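Content type mmCIF, C-alpha atoms and all ligand atoms, from the file input.cif:
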```
data_input
loop_
_atom_site.label_atom_id
_atom_site.label_comp_id
_atom_site.auth_asym_id
_atom_site.auth_seq_id
_atom_site.Cartn_x
_atom_site.Cartn_y
_atom_site.Cartn_z
CA MET A 1 0.00 0.00 0.00
CA THR A 2 1.10 3.59 -0.70
CA GLU A 3 0.93 4.44 3.01
CA ASP A 4 3.24 1.55 3.93
CA VAL A 5 5.92 2.68 1.46
CA ALA A 6 5.77 6.27 2.74
CA ALA A 7 5.73 5.08 6.38
CA ALA A 8 8.84 2.95 5.78
CA ARG A 9 10.66 5.97 4.32
CA ILE A 10 9.59 8.11 7.28
CA ARG A 11 10.79 5.50 9.78
CA THR A 12 14.14 5.31 8.00
CA LEU A 13 14.39 9.11 8.18
CA CYS A 14 13.63 8.96 11.93
CA GLY A 15 16.70 6.80 12.58
CA PRO A 16 16.92 6.21 16.34
CA LEU A 17 14.02 8.60 17.14
CA THR A 18 10.55 7.18 17.76
CA PRO A 19 8.23 10.20 17.43
CA ARG A 20 4.73 9.86 18.85
CA LEU A 21 3.58 13.37 17.96
CA GLY A 22 3.07 14.94 14.55
CA LEU A 23 2.58 18.60 13.73
CA VAL A 24 0.81 19.92 10.64
CA LEU A 25 2.07 23.46 10.08
CA GLY A 26 -0.37 25.77 8.36
CA SER A 27 0.25 28.64 5.99
CA GLY A 28 2.55 31.24 7.47
CA LEU A 29 3.28 28.93 10.43
CA GLY A 30 6.17 26.95 8.97
CA GLY A 31 8.68 28.80 11.20
CA LEU A 32 8.43 26.05 13.82
CA ALA A 33 10.04 23.62 11.37
CA SER A 34 13.21 25.73 11.45
CA GLN A 35 13.38 25.29 15.26
CA VAL A 36 13.58 21.50 14.92
CA THR A 37 16.96 20.20 16.05
CA GLU A 38 18.69 17.08 14.65
CA ALA A 39 16.45 17.82 11.65
CA GLN A 40 16.11 15.35 8.78
CA ARG A 41 14.07 16.53 5.82
CA LEU A 42 12.26 14.87 2.97
CA SER A 43 10.36 16.60 0.18
CA TYR A 44 6.75 15.48 -0.26
CA THR A 45 7.75 14.58 -3.81
CA ASP A 46 9.79 11.69 -2.32
CA LEU A 47 6.82 10.39 -0.32
CA PRO A 48 4.20 8.44 -2.29
CA GLY A 49 0.66 9.68 -1.73
CA PHE A 50 1.79 12.98 -0.25
CA PRO A 51 0.38 16.13 -1.88
CA ARG A 52 2.16 17.92 -4.64
CA PRO A 53 1.64 21.54 -3.46
CA GLY A 54 0.02 23.79 -6.01
CA GLY A 55 2.43 26.64 -5.57
CA VAL A 56 0.39 28.88 -3.25
CA ALA A 57 2.78 31.33 -1.59
CA GLY A 58 3.80 30.10 1.86
CA HIS A 59 2.74 26.51 1.28
CA ALA A 60 5.93 24.47 1.26
CA GLY A 61 5.83 20.72 1.01
CA GLU A 62 8.40 19.11 3.25
CA LEU A 63 8.41 16.53 6.02
CA VAL A 64 10.80 17.35 8.86
CA VAL A 65 11.81 14.85 11.53
CA GLY A 66 13.78 15.81 14.64
CA ARG A 67 13.30 17.24 18.11
CA LEU A 68 11.29 20.24 19.32
CA ALA A 69 11.83 21.13 22.97
CA GLY A 70 13.74 17.83 23.12
CA VAL A 71 10.64 15.86 22.05
CA PRO A 72 10.86 13.71 18.90
CA VAL A 73 8.36 15.03 16.35
CA ILE A 74 7.42 14.74 12.71
CA CYS A 75 6.37 18.03 11.11
CA LEU A 76 4.38 18.29 7.93
CA ASN A 77 5.49 21.69 6.70
CA GLY A 78 2.82 22.52 4.16
CA ARG A 79 -0.53 21.03 3.24
CA ALA A 80 -2.74 20.84 0.19
CA HIS A 81 -6.19 22.41 0.27
CA PHE A 82 -9.57 21.56 -1.19
CA TYR A 83 -9.56 24.85 -3.14
CA GLU A 84 -6.52 23.73 -5.11
CA GLY A 85 -8.85 21.34 -6.90
CA HIS A 86 -7.96 18.12 -5.11
CA GLY A 87 -10.67 16.09 -3.45
CA ALA A 88 -11.31 16.40 0.27
CA GLY A 89 -9.05 13.34 0.71
CA VAL A 90 -5.86 14.98 -0.58
CA MET A 91 -4.14 14.78 2.82
CA ALA A 92 -5.48 11.32 3.72
CA PRO A 93 -2.45 9.25 2.57
CA ALA A 94 -0.05 11.61 4.37
CA ILE A 95 -1.97 11.42 7.67
CA ARG A 96 -2.33 7.63 7.44
CA SER A 97 1.38 7.29 6.66
CA LEU A 98 2.19 9.18 9.86
CA LYS A 99 -0.01 6.81 11.82
CA ALA A 100 1.64 3.81 10.13
CA ALA A 101 5.05 5.28 10.99
CA GLY A 102 4.15 5.09 14.69
CA LEU A 103 2.47 8.38 15.61
CA THR A 104 -0.28 8.34 18.22
CA GLY A 105 -1.11 12.06 18.33
CA LEU A 106 -1.47 14.85 15.77
CA ILE A 107 -1.39 18.59 16.38
CA LEU A 108 -2.84 20.64 13.54
CA THR A 109 -2.38 24.36 13.00
CA ASN A 110 -3.97 26.85 10.66
CA ALA A 111 -4.53 30.52 10.02
CA ALA A 112 -8.14 31.56 10.45
CA GLY A 113 -10.55 34.45 10.54
CA SER A 114 -12.30 35.18 13.84
CA LEU A 115 -16.07 35.61 14.11
CA ARG A 116 -15.71 36.95 17.63
CA ARG A 117 -14.68 40.57 17.88
CA GLU A 118 -12.93 39.97 21.24
CA VAL A 119 -10.70 37.32 19.65
CA ALA A 120 -8.63 39.75 17.64
CA PRO A 121 -5.83 39.22 15.08
CA GLY A 122 -2.67 37.95 16.74
CA ARG A 123 -4.60 35.74 19.20
CA VAL A 124 -4.29 31.97 19.23
CA SER A 125 -7.36 29.77 19.65
CA LEU A 126 -7.68 26.11 20.48
CA ILE A 127 -10.27 24.37 18.31
CA SER A 128 -12.94 22.73 20.46
CA ASP A 129 -15.08 21.30 17.65
CA HIS A 130 -15.78 21.86 13.98
CA ILE A 131 -18.46 22.36 11.36
CA ASN A 132 -17.62 20.66 8.07
CA PHE A 133 -18.94 23.15 5.53
CA LEU A 134 -16.77 21.73 2.72
CA PRO A 135 -18.67 20.05 -0.09
CA GLY A 136 -16.86 16.80 0.61
CA ASN A 137 -15.57 14.35 3.18
CA PRO A 138 -12.31 12.39 2.80
CA LEU A 139 -13.89 9.23 4.22
CA VAL A 140 -16.62 8.88 1.57
CA GLY A 141 -16.13 5.71 -0.46
CA PRO A 142 -15.22 2.13 0.39
CA ASN A 143 -13.99 1.76 3.96
CA ASP A 144 -10.75 -0.07 4.79
CA ASP A 145 -11.61 -1.72 8.09
CA THR A 146 -7.93 -2.28 8.83
CA ILE A 147 -7.50 1.51 9.03
CA GLY A 148 -10.64 2.41 10.95
CA PRO A 149 -14.35 1.71 11.34
CA ARG A 150 -16.99 2.66 8.77
CA PHE A 151 -18.99 4.65 11.33
CA PHE A 152 -17.42 6.41 14.29
CA SER A 153 -18.17 9.18 16.76
CA MET A 154 -16.81 12.69 16.38
CA ARG A 155 -17.71 13.59 19.96
CA ASP A 156 -14.48 14.64 21.69
CA ALA A 157 -12.63 14.56 18.35
CA TYR A 158 -10.54 17.44 19.68
CA ASP A 159 -9.13 15.49 22.62
CA PRO A 160 -10.41 16.92 25.93
CA ALA A 161 -7.32 15.75 27.89
CA LEU A 162 -4.93 17.33 25.39
CA ARG A 163 -6.95 20.56 25.43
CA LYS A 164 -6.99 20.68 29.22
CA LEU A 165 -3.22 20.30 29.32
CA ILE A 166 -2.74 22.97 26.63
CA ARG A 167 -5.02 25.40 28.48
CA ALA A 168 -2.97 24.87 31.66
CA VAL A 169 0.33 25.42 29.83
CA ALA A 170 -1.01 28.61 28.20
CA ALA A 171 -2.20 29.91 31.58
CA ASP A 172 1.26 29.25 33.08
CA LEU A 173 2.78 31.25 30.22
CA GLY A 174 0.29 34.09 30.73
CA VAL A 175 -1.13 33.56 27.24
CA ASP A 176 -4.80 34.43 26.78
CA LEU A 177 -5.72 31.35 24.76
CA ALA A 178 -9.15 31.42 23.12
CA GLU A 179 -11.17 28.30 22.30
CA GLY A 180 -13.89 27.86 19.74
CA VAL A 181 -15.64 26.08 16.88
CA TYR A 182 -13.88 26.09 13.50
CA LEU A 183 -15.90 26.11 10.30
CA ALA A 184 -14.18 24.85 7.15
CA TYR A 185 -15.08 26.87 4.06
CA SER A 186 -14.04 25.75 0.59
CA GLY A 187 -12.40 28.98 -0.57
CA PRO A 188 -10.49 30.06 -2.59
CA ASN A 189 -12.34 33.34 -2.17
CA PHE A 190 -12.78 34.65 1.34
CA GLU A 191 -16.35 34.45 2.63
CA THR A 192 -18.94 37.11 1.93
CA PRO A 193 -20.10 39.23 4.88
CA ALA A 194 -23.51 37.55 4.58
CA GLU A 195 -21.90 34.10 4.82
CA ILE A 196 -20.04 35.19 7.93
CA ARG A 197 -23.30 36.38 9.55
CA ALA A 198 -24.85 33.01 8.64
CA PHE A 199 -21.87 31.06 10.03
CA ARG A 200 -22.14 32.95 13.32
CA VAL A 201 -25.76 31.83 13.62
CA LEU A 202 -24.60 28.26 12.90
CA GLY A 203 -22.22 28.43 15.87
CA ALA A 204 -18.85 29.13 14.26
CA ASP A 205 -16.16 31.11 16.10
CA LEU A 206 -13.40 30.64 13.52
CA VAL A 207 -13.39 30.23 9.77
CA GLY A 208 -10.69 28.81 7.51
CA MET A 209 -10.03 26.62 4.50
CA SER A 210 -8.27 23.56 5.92
CA THR A 211 -7.82 21.19 8.88
CA VAL A 212 -11.27 19.56 9.01
CA PRO A 213 -10.54 16.85 6.38
CA GLU A 214 -7.27 16.05 8.17
CA VAL A 215 -9.03 15.75 11.52
CA LEU A 216 -11.61 13.39 10.02
CA VAL A 217 -8.87 11.15 8.62
CA ALA A 218 -6.84 11.31 11.84
CA ARG A 219 -9.79 10.39 14.06
CA HIS A 220 -10.82 7.61 11.68
CA CYS A 221 -7.42 5.95 12.07
CA GLY A 222 -7.36 6.52 15.83
CA LEU A 223 -4.88 9.39 16.20
CA ARG A 224 -5.51 11.69 19.15
CA VAL A 225 -5.98 15.25 17.90
CA ALA A 226 -5.41 18.79 19.09
CA ALA A 227 -5.76 21.77 16.76
CA PHE A 228 -5.00 25.47 16.90
CA SER A 229 -6.01 28.48 14.84
CA VAL A 230 -3.83 31.54 14.65
CA VAL A 231 -6.26 34.42 14.17
CA THR A 232 -5.00 36.57 11.31
CA ASN A 233 -8.08 38.74 10.82
CA LEU A 234 -11.62 39.44 11.88
CA ALA A 235 -13.85 37.58 9.44
CA GLU A 236 -14.97 39.44 6.33
CA GLY A 237 -17.35 42.30 7.01
CA MET A 238 -16.36 42.64 10.68
CA GLY A 239 -13.23 44.77 10.34
CA ASP A 240 -12.08 47.77 8.34
CA GLU A 241 -9.72 45.97 6.01
CA THR A 242 -10.62 44.06 2.87
CA LEU A 243 -9.10 40.59 3.20
CA SER A 244 -6.22 39.40 1.07
CA HIS A 245 -3.80 36.48 1.20
CA GLU A 246 -0.90 38.90 1.76
CA HIS A 247 -2.69 40.43 4.74
CA THR A 248 -3.43 37.09 6.40
CA GLN A 249 0.12 35.82 5.74
CA SER A 250 1.68 38.91 7.32
CA GLN A 251 -0.58 38.65 10.38
CA ALA A 252 0.20 34.96 10.87
CA VAL A 253 3.68 35.84 12.11
CA VAL A 254 2.45 37.49 15.36
CA GLY A 255 0.16 34.69 16.50
CA GLY A 256 2.56 32.13 15.04
CA ALA A 257 5.20 33.17 17.59
CA VAL A 258 2.68 32.84 20.44
CA LEU A 259 1.63 29.42 19.16
CA ALA A 260 5.27 28.34 18.96
CA SER A 261 5.82 29.30 22.62
CA ILE A 262 2.73 27.33 23.70
CA LEU A 263 3.78 24.26 21.73
CA ILE A 264 7.37 24.31 22.94
CA ALA A 265 6.19 24.50 26.55
CA ALA A 266 3.47 21.86 26.08
CA LEU A 267 5.24 19.25 23.94
CA PRO A 268 6.97 17.24 26.70
CA ARG A 269 3.69 16.83 28.59
CA LEU A 270 1.67 16.23 25.41
CA GLU A 271 4.07 13.46 24.46
CA ALA A 272 3.66 11.84 27.87
CA LEU A 273 -0.13 11.92 27.42
CA VAL A 274 -0.17 10.25 24.01
CA SER A 275 2.52 7.64 24.74
N1 LIG B 301 -11.44 33.06 5.99
C1 LIG B 301 -10.98 31.90 5.50
N2 LIG B 301 -9.73 31.49 5.64
C2 LIG B 301 -8.89 32.29 6.31
C3 LIG B 301 -9.30 33.52 6.85
C4 LIG B 301 -10.65 33.92 6.68
O1 LIG B 301 -11.08 34.99 7.14
N3 LIG B 301 -8.21 34.06 7.45
C5 LIG B 301 -7.19 33.19 7.29
N4 LIG B 301 -7.59 32.12 6.59
#
```

Mind turning this structure into structure tokens?
Amino acid sequence: MTEDVAAARIRTLCGPLTPRLGLVLGSGLGGLASQVTEAQRLSYTDLPGFPRPGGVAGHAGELVVGRLAGVPVICLNGRAHFYEGHGAGVMAPAIRSLKAAGLTGLILTNAAGSLRREVAPGRVSLISDHINFLPGNPLVGPNDDTIGPRFFSMRDAYDPALRKLIRAVAADLGVDLAEGVYLAYSGPNFETPAEIRAFRVLGADLVGMSTVPEVLVARHCGLRVAAFSVVTNLAEGMGDETLSHEHTQSQAVVGGAVLASILIAALPRLEALVS
């Protein structure tokens, strides 16, 4: 199977390290990969089933193995998105390869718009739950029972124990960590102001164009999940600025640094929880 070939390559790259935690680094948040020590890198093009990034600025495609805060990790630096024209399952082989390589937990990150005025650009939010507003689901189609069950619960998909630990670490650091529901929108355009008003009524606190398909695949194969949004903007219609990719990318740096400090402080305890 494709996943087994990729997993074997990843394990070889790991050498003596046995990472339990993976990190998916969202757009503008790849800086963490440069803090990995003892780093070994592999381009997605050398990993069967991994996405071939469509060239969106800031979306690299590289797997990095090494240590963060002393903890063995595998980073996926760059992801493919639904709006690039792939199906919702574009990240499925990559996530399943990580699981086959020995991971037990996955931490996902993204840049997002905030639907709550008090959660301003530069803030970091834990994701507590999601609304899949994408016109697709990566698990549609024949089910491979060796990977996961046909039907499964998405209650507590964003692991309550991991979230509790992360909240405690953020409090110790004096970081005002938000927490909310993430709605996945197809893009590539940003939402209309009317859509944002509708999404607020639906219960969304954050809006973005990624993460949800990866969480579905990760939970299906039994990985424990935590996910963060770095708030780069108030959602369309709420603020003064007209949204652009350049604007969100530039704002990702501020919250990205806060997120990095939370992760570095939390990783040793997160690893203990998932091991
Ligand atoms: N909408 C969708 N995706 C995003 C946004 C947004 O406002 N900000 C960053 N990514």

Select from region 168-223 of chain A every residue with an atom at most 8 Å from any atom of region 232-245 of chain A, then for each give the shortest pair of atoms and their distance in Å to one decimal, using all atoms listed in the file, rows by chain and rising number, as JSON lines.
```
{"residue": "A:Phe190", "atom": "CA", "partner": "A:Leu243", "partner_atom": "CA", "distance": 7.2}
{"residue": "A:Glu191", "atom": "CA", "partner": "A:Glu236", "partner_atom": "CA", "distance": 6.4}
{"residue": "A:Thr192", "atom": "CA", "partner": "A:Glu236", "partner_atom": "CA", "distance": 6.4}
{"residue": "A:Pro193", "atom": "CA", "partner": "A:Gly237", "partner_atom": "CA", "distance": 4.6}
{"residue": "A:Ile196", "atom": "CA", "partner": "A:Ala235", "partner_atom": "CA", "distance": 6.8}
{"residue": "A:Val207", "atom": "CA", "partner": "A:Ala235", "partner_atom": "CA", "distance": 7.4}
```

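Point (4.1, 13.5, 16.7) has the following residues at most 8 Å away: A:Pro19, A:Arg20, A:Leu21, A:Gly22, A:Leu23, A:Pro72, A:Val73, A:Ile74, A:Cys75, A:Leu103, A:Thr104, A:Gly105, A:Leu106, A:Ile107, A:Glu271 (atoms considered: only C-alpha atoms).
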
| query | Pick from A:Leu47, A:Ala120, A:Ala157, A:Leu25: nearest to Arg224 (chain A), with only C-alpha atoms counted? | reply | A:Ala157

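Take CA of Ala218 (chain A) and CA of Ile95 (chain A): the distance between them is 6.4 Å.
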
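Distance check against ligand LIG 301 (chain B) using all atoms listed in the file: of A:Asn137, A:Asn143, A:Ser97, A:Thr211, the minimum falls on A:Thr211.
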
Box time for region 119-123 of chain A: axis-aligned, enclosing all its listed atoms, 5 Å extra on each side; report centre and edge lengths in Å to one decimal, as lines of an AutoDock Vina configuration file.
```
center_x = -6.7
center_y = 37.7
center_z = 17.4
size_x = 18.0
size_y = 14.0
size_z = 14.6
```

| query | What's the 12 Å shell around Val119 (chain A), counting all atoms listed in the file, without same-chain residues fewer than 2 positions away, as a list in words? | reply | Ala112, Gly113, Ser114, Leu115, Arg116, Arg117, Pro121, Gly122, Arg123, Val124, Ser125, Leu126, Asp176, Leu177, Ala178, Glu179, Gly180, Asp205, Leu206, Ser229, Val230, Val231, Thr232, Asn233, Leu234, Ala235, Met238 and Gly255 of chain A

| task | Please provide as a ChimeraX atom specification all residues within 8 Å of Asn77 (chain A), with the sequence filter that same-chain residues fewer than 3 positions apart are discarded (counting all atoms listed in the file). | result | /A:24-26,30,33,59-64

For the selection just defined, write its residues with C-alpha atoms to a file, as a tab-separated table (two decimals), in the frame of the given file.
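Contents of again_35.tsv, freshly written:
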```
chain	number	residue	atom	x	y	z
A	24	VAL	CA	0.81	19.92	10.64
A	25	LEU	CA	2.07	23.46	10.08
A	26	GLY	CA	-0.37	25.77	8.36
A	30	GLY	CA	6.17	26.95	8.97
A	33	ALA	CA	10.04	23.62	11.37
A	59	HIS	CA	2.74	26.51	1.28
A	60	ALA	CA	5.93	24.47	1.26
A	61	GLY	CA	5.83	20.72	1.01
A	62	GLU	CA	8.40	19.11	3.25
A	63	LEU	CA	8.41	16.53	6.02
A	64	VAL	CA	10.80	17.35	8.86
```
